[in-house]
file input.pdb (PDB, C-alpha atoms, pLDDT in the B column)
ATOM      1  CA  MET U   1       0.000   0.000   0.000  1.00 49.00           C
ATOM      2  CA  LYS U   2       2.857   2.383   0.793  1.00 52.00           C
ATOM      3  CA  SER U   3       4.384   1.899  -2.649  1.00 49.00           C
ATOM      4  CA  GLU U   4       1.032   2.724  -4.276  1.00 48.00           C
ATOM      5  CA  ASN U   5       0.807   5.976  -2.307  1.00 52.00           C
ATOM      6  CA  LYS U   6       4.329   6.863  -3.352  1.00 47.00           C
ATOM      7  CA  GLU U   7       3.492   6.220  -7.011  1.00 44.00           C
ATOM      8  CA  ASN U   8       0.321   8.335  -6.763  1.00 47.00           C
ATOM      9  CA  GLN U   9       2.267  11.169  -5.130  1.00 45.00           C
ATOM     10  CA  THR U  10       4.920  11.011  -7.862  1.00 40.00           C
ATOM     11  CA  MET U  11       2.309  11.026 -10.607  1.00 41.00           C
ATOM     12  CA  SER U  12       0.446  13.930  -8.984  1.00 40.00           C
ATOM     13  CA  ALA U  13       3.646  15.909  -8.591  1.00 41.00           C
ATOM     14  CA  SER U  14       4.639  15.332 -12.202  1.00 41.00           C
ATOM     15  CA  LYS U  15       1.206  16.414 -13.448  1.00 44.00           C
ATOM     16  CA  THR U  16       1.392  19.571 -11.362  1.00 41.00           C
ATOM     17  CA  ALA U  17       4.934  20.320 -12.489  1.00 45.00           C
ATOM     18  CA  HIS U  18       3.963  20.162 -16.176  1.00 45.00           C
ATOM     19  CA  ALA U  19       0.744  22.192 -15.921  1.00 57.00           C
ATOM     20  CA  PRO U  20       2.351  25.520 -16.982  1.00 62.00           C
ATOM     21  CA  ASN U  21       3.935  23.799 -19.978  1.00 81.00           C
ATOM     22  CA  SER U  22       0.920  21.897 -21.241  1.00 95.00           C
ATOM     23  CA  LEU U  23       1.482  19.925 -24.407  1.00 97.00           C
ATOM     24  CA  LEU U  24      -0.895  20.088 -27.354  1.00 97.00           C
ATOM     25  CA  THR U  25      -1.478  17.536 -30.089  1.00 97.00           C
ATOM     26  CA  PRO U  26      -1.159  18.472 -33.769  1.00 97.00           C
ATOM     27  CA  ALA U  27      -4.972  18.411 -34.020  1.00 97.00           C
ATOM     28  CA  GLU U  28      -5.339  20.868 -31.130  1.00 97.00           C
ATOM     29  CA  VAL U  29      -2.773  23.235 -32.638  1.00 97.00           C
ATOM     30  CA  ALA U  30      -4.426  22.914 -36.044  1.00 97.00           C
ATOM     31  CA  ALA U  31      -7.798  23.818 -34.558  1.00 96.00           C
ATOM     32  CA  ALA U  32      -6.314  26.931 -32.934  1.00 94.00           C
ATOM     33  CA  PHE U  33      -4.837  28.105 -36.260  1.00 94.00           C
ATOM     34  CA  ARG U  34      -7.724  26.786 -38.372  1.00 94.00           C
ATOM     35  CA  VAL U  35      -5.429  24.687 -40.538  1.00 96.00           C
ATOM     36  CA  ASP U  36      -4.984  20.982 -41.259  1.00 97.00           C
ATOM     37  CA  PRO U  37      -2.888  18.960 -38.759  1.00 97.00           C
ATOM     38  CA  LYS U  38      -0.467  18.117 -41.593  1.00 97.00           C
ATOM     39  CA  THR U  39       0.212  21.849 -41.948  1.00 97.00           C
ATOM     40  CA  VAL U  40       1.246  21.963 -38.295  1.00 97.00           C
ATOM     41  CA  THR U  41       3.619  19.050 -38.915  1.00 96.00           C
ATOM     42  CA  ARG U  42       5.106  20.888 -41.918  1.00 97.00           C
ATOM     43  CA  TRP U  43       5.627  23.981 -39.754  1.00 95.00           C
ATOM     44  CA  ALA U  44       7.501  21.833 -37.231  1.00 96.00           C
ATOM     45  CA  LYS U  45       9.685  20.282 -39.939  1.00 96.00           C
ATOM     46  CA  ALA U  46      10.420  23.768 -41.338  1.00 97.00           C
ATOM     47  CA  GLY U  47      11.377  25.051 -37.880  1.00 95.00           C
ATOM     48  CA  LYS U  48       8.506  27.536 -37.638  1.00 93.00           C
ATOM     49  CA  LEU U  49       7.083  25.792 -34.583  1.00 94.00           C
ATOM     50  CA  ARG U  50       9.122  23.699 -32.159  1.00 95.00           C
ATOM     51  CA  SER U  51       7.839  20.216 -31.400  1.00 96.00           C
ATOM     52  CA  ILE U  52       8.595  17.620 -28.770  1.00 96.00           C
ATOM     53  CA  ARG U  53       8.478  13.921 -29.564  1.00 96.00           C
ATOM     54  CA  THR U  54       6.747  11.481 -27.246  1.00 96.00           C
ATOM     55  CA  LEU U  55       8.267   8.087 -26.538  1.00 97.00           C
ATOM     56  CA  GLY U  56       5.959   6.729 -29.227  1.00 97.00           C
ATOM     57  CA  GLY U  57       7.311   9.233 -31.754  1.00 96.00           C
ATOM     58  CA  HIS U  58       4.261  11.511 -31.843  1.00 97.00           C
ATOM     59  CA  ARG U  59       4.692  15.275 -31.978  1.00 97.00           C
ATOM     60  CA  ARG U  60       3.530  17.533 -29.177  1.00 98.00           C
ATOM     61  CA  TYR U  61       3.699  21.312 -28.969  1.00 97.00           C
ATOM     62  CA  LEU U  62       4.146  23.588 -25.957  1.00 96.00           C
ATOM     63  CA  GLU U  63       0.929  25.473 -25.346  1.00 96.00           C
ATOM     64  CA  ALA U  64       2.844  28.615 -24.333  1.00 94.00           C
ATOM     65  CA  GLU U  65       4.701  28.671 -27.676  1.00 94.00           C
ATOM     66  CA  VAL U  66       1.490  28.109 -29.626  1.00 95.00           C
ATOM     67  CA  ARG U  67      -0.232  30.953 -27.744  1.00 94.00           C
ATOM     68  CA  ALA U  68       2.750  33.233 -28.383  1.00 92.00           C
ATOM     69  CA  MET U  69       2.648  32.440 -32.096  1.00 92.00           C
ATOM     70  CA  LEU U  70      -1.105  33.086 -32.202  1.00 92.00           C
ATOM     71  CA  SER U  71      -0.724  36.445 -30.459  1.00 90.00           C
ATOM     72  CA  GLN U  72       2.105  37.411 -32.829  1.00 88.00           C
ATOM     73  CA  ILE U  73      -0.107  36.629 -35.815  1.00 86.00           C
ATOM     74  CA  ALA U  74      -2.962  38.652 -34.299  1.00 79.00           C
ATOM     75  CA  THR U  75      -0.604  41.609 -33.760  1.00 76.00           C
ATOM     76  CA  ASP U  76       0.720  41.381 -37.323  1.00 67.00           C
ATOM     77  CA  ASP U  77      -2.816  41.163 -38.710  1.00 63.00           C
ATOM     78  CA  SER U  78      -3.952  44.224 -36.783  1.00 63.00           C
ATOM     79  CA  ARG U  79      -0.939  46.196 -38.058  1.00 62.00           C
ATOM     80  CA  LEU U  80      -1.750  45.222 -41.636  1.00 60.00           C
ATOM     81  CA  TRP U  81      -5.379  46.188 -41.153  1.00 61.00           C
ATOM     82  CA  LEU U  82      -4.408  49.565 -39.669  1.00 58.00           C
ATOM     83  CA  ALA U  83      -1.960  50.235 -42.517  1.00 60.00           C
ATOM     84  CA  HIS U  84      -4.663  49.348 -45.067  1.00 58.00           C
ATOM     85  CA  GLU U  85      -7.211  51.609 -43.383  1.00 61.00           C
ATOM     86  CA  SER U  86      -4.679  54.428 -43.269  1.00 62.00           C
ATOM     87  CA  SER U  87      -3.906  54.119 -46.977  1.00 64.00           C
ATOM     88  CA  LEU U  88      -7.618  54.153 -47.822  1.00 62.00           C
ATOM     89  CA  SER U  89      -8.239  57.286 -45.792  1.00 63.00           C
ATOM     90  CA  HIS U  90      -5.338  59.059 -47.515  1.00 59.00           C
ATOM     91  CA  GLY U  91      -6.527  58.141 -50.992  1.00 58.00           C
ATOM     92  CA  LEU U  92      -3.537  55.923 -51.802  1.00 53.00           C
TER
END

call {"tool": "encode", "arguments": {"input": "input.pdb", "output": "structure tokens"}}
result
Amino acid sequence: MKSENKENQTMSASKTAHAPNSLLTPAEVAAAFRVDPKTVTRWAKAGKLRSIRTLGGHRRYLEAEVRAMLSQIATDDSRLWLAHESSLSHGL
């Protein structure tokens, strides 16, 4: 019984330790970006998005990095929109 409690404590501690760095599957990342999961895999192969491999060889992505990439895209999009609006208002 003591060994079971130790195992449960270890598992609980490891789950808590990884909570800030949650891992996402390619499908979850794809849903966030509204792209196909294969696109996410291509991004990882191209070095645009860092991936971690599980013991089974599956890719996982750090949620914090995915969120940062999403916010960067949102910032870039808003800058483009503002530049477009500015050019329209100046008759360019």

call {"tool": "residues_around", "arguments": {"input": "input.pdb", "residues": "U:Arg53", "least_positions_apart": "4", "cutoff": "12 Å", "atoms": "only C-alpha atoms", "output": "list in words"}}
result
Leu23, Leu24, Thr25, Pro26, Thr41, Ala44, Gly57, His58, Arg59, Arg60, Tyr61 and Leu62 of chain U

call {"tool": "atom_distance", "arguments": {"input": "input.pdb", "atom1": "atom CA of U:Val29", "atom2": "atom CA of U:Arg67"}}
result
9.5 Å

call {"tool": "atom_distance", "arguments": {"input": "input.pdb", "atom1": "atom CA of U:Thr75", "atom2": "atom CA of U:Lys45"}}
result
24.5 Å

call {"tool": "resolve_selection", "arguments": {"input": "input.pdb", "expression": "the PyMOL selection byres ((chain U and resi 64-66) around 10)", "output": "PyMOL selection string"}}
result
chain U and resi 20-24+29+32-33+49-51+61-63+67-72

call {"tool": "axis_aligned_box", "arguments": {"input": "input.pdb", "around": "stretch 21-35 of chain U", "padding_each_side": "8 Å", "output": "lines of an AutoDock Vina configuration file"}}
result
center_x = -1.9
center_y = 22.8
center_z = -30.3
size_x = 27.7
size_y = 26.6
size_z = 36.6

call {"tool": "atom_distance", "arguments": {"input": "input.pdb", "atom1": "atom CA of U:Gly47", "atom2": "atom CA of U:Ala27"}}
result
18.1 Å

call {"tool": "decode", "arguments": {"input": "input.pdb", "residues": "stretch 19-31 of chain U", "atoms": "N, CA and C atoms", "output": "JSON list (two decimals), in the first residue's frame"}}
result
[["chain", "number", "residue", "atom", "x", "y", "z"],
["U", 19, "ALA", "N", 1.94, 21.41, -15.60],
["U", 19, "ALA", "CA", 0.74, 22.19, -15.92],
["U", 19, "ALA", "C", 1.06, 23.50, -16.66],
["U", 20, "PRO", "N", 2.08, 24.28, -16.25],
["U", 20, "PRO", "CA", 2.35, 25.52, -16.98],
["U", 20, "PRO", "C", 2.83, 25.27, -18.41],
["U", 21, "ASN", "N", 3.43, 24.13, -18.65],
["U", 21, "ASN", "CA", 3.94, 23.80, -19.98],
["U", 21, "ASN", "C", 3.10, 22.70, -20.60],
["U", 22, "SER", "N", 1.81, 22.90, -20.68],
["U", 22, "SER", "CA", 0.92, 21.90, -21.24],
["U", 22, "SER", "C", 1.31, 21.60, -22.68],
["U", 23, "LEU", "N", 1.16, 20.35, -23.06],
["U", 23, "LEU", "CA", 1.48, 19.92, -24.41],
["U", 23, "LEU", "C", 0.21, 19.77, -25.22],
["U", 24, "LEU", "N", 0.25, 20.18, -26.45],
["U", 24, "LEU", "CA", -0.90, 20.09, -27.35],
["U", 24, "LEU", "C", -0.59, 19.11, -28.48],
["U", 25, "THR", "N", -1.62, 18.44, -28.95],
["U", 25, "THR", "CA", -1.48, 17.54, -30.09],
["U", 25, "THR", "C", -1.50, 18.36, -31.38],
["U", 26, "PRO", "N", -1.06, 17.76, -32.49],
["U", 26, "PRO", "CA", -1.16, 18.47, -33.77],
["U", 26, "PRO", "C", -2.59, 18.89, -34.09],
["U", 27, "ALA", "N", -3.57, 18.08, -33.75],
["U", 27, "ALA", "CA", -4.97, 18.41, -34.02],
["U", 27, "ALA", "C", -5.41, 19.63, -33.21],
["U", 28, "GLU", "N", -4.98, 19.72, -31.96],
["U", 28, "GLU", "CA", -5.34, 20.87, -31.13],
["U", 28, "GLU", "C", -4.71, 22.16, -31.65],
["U", 29, "VAL", "N", -3.45, 22.06, -32.07],
["U", 29, "VAL", "CA", -2.77, 23.23, -32.64],
["U", 29, "VAL", "C", -3.45, 23.64, -33.95],
["U", 30, "ALA", "N", -3.77, 22.65, -34.76],
["U", 30, "ALA", "CA", -4.43, 22.91, -36.04],
["U", 30, "ALA", "C", -5.77, 23.61, -35.84],
["U", 31, "ALA", "N", -6.50, 23.19, -34.84],
["U", 31, "ALA", "CA", -7.80, 23.82, -34.56],
["U", 31, "ALA", "C", -7.61, 25.28, -34.15]]
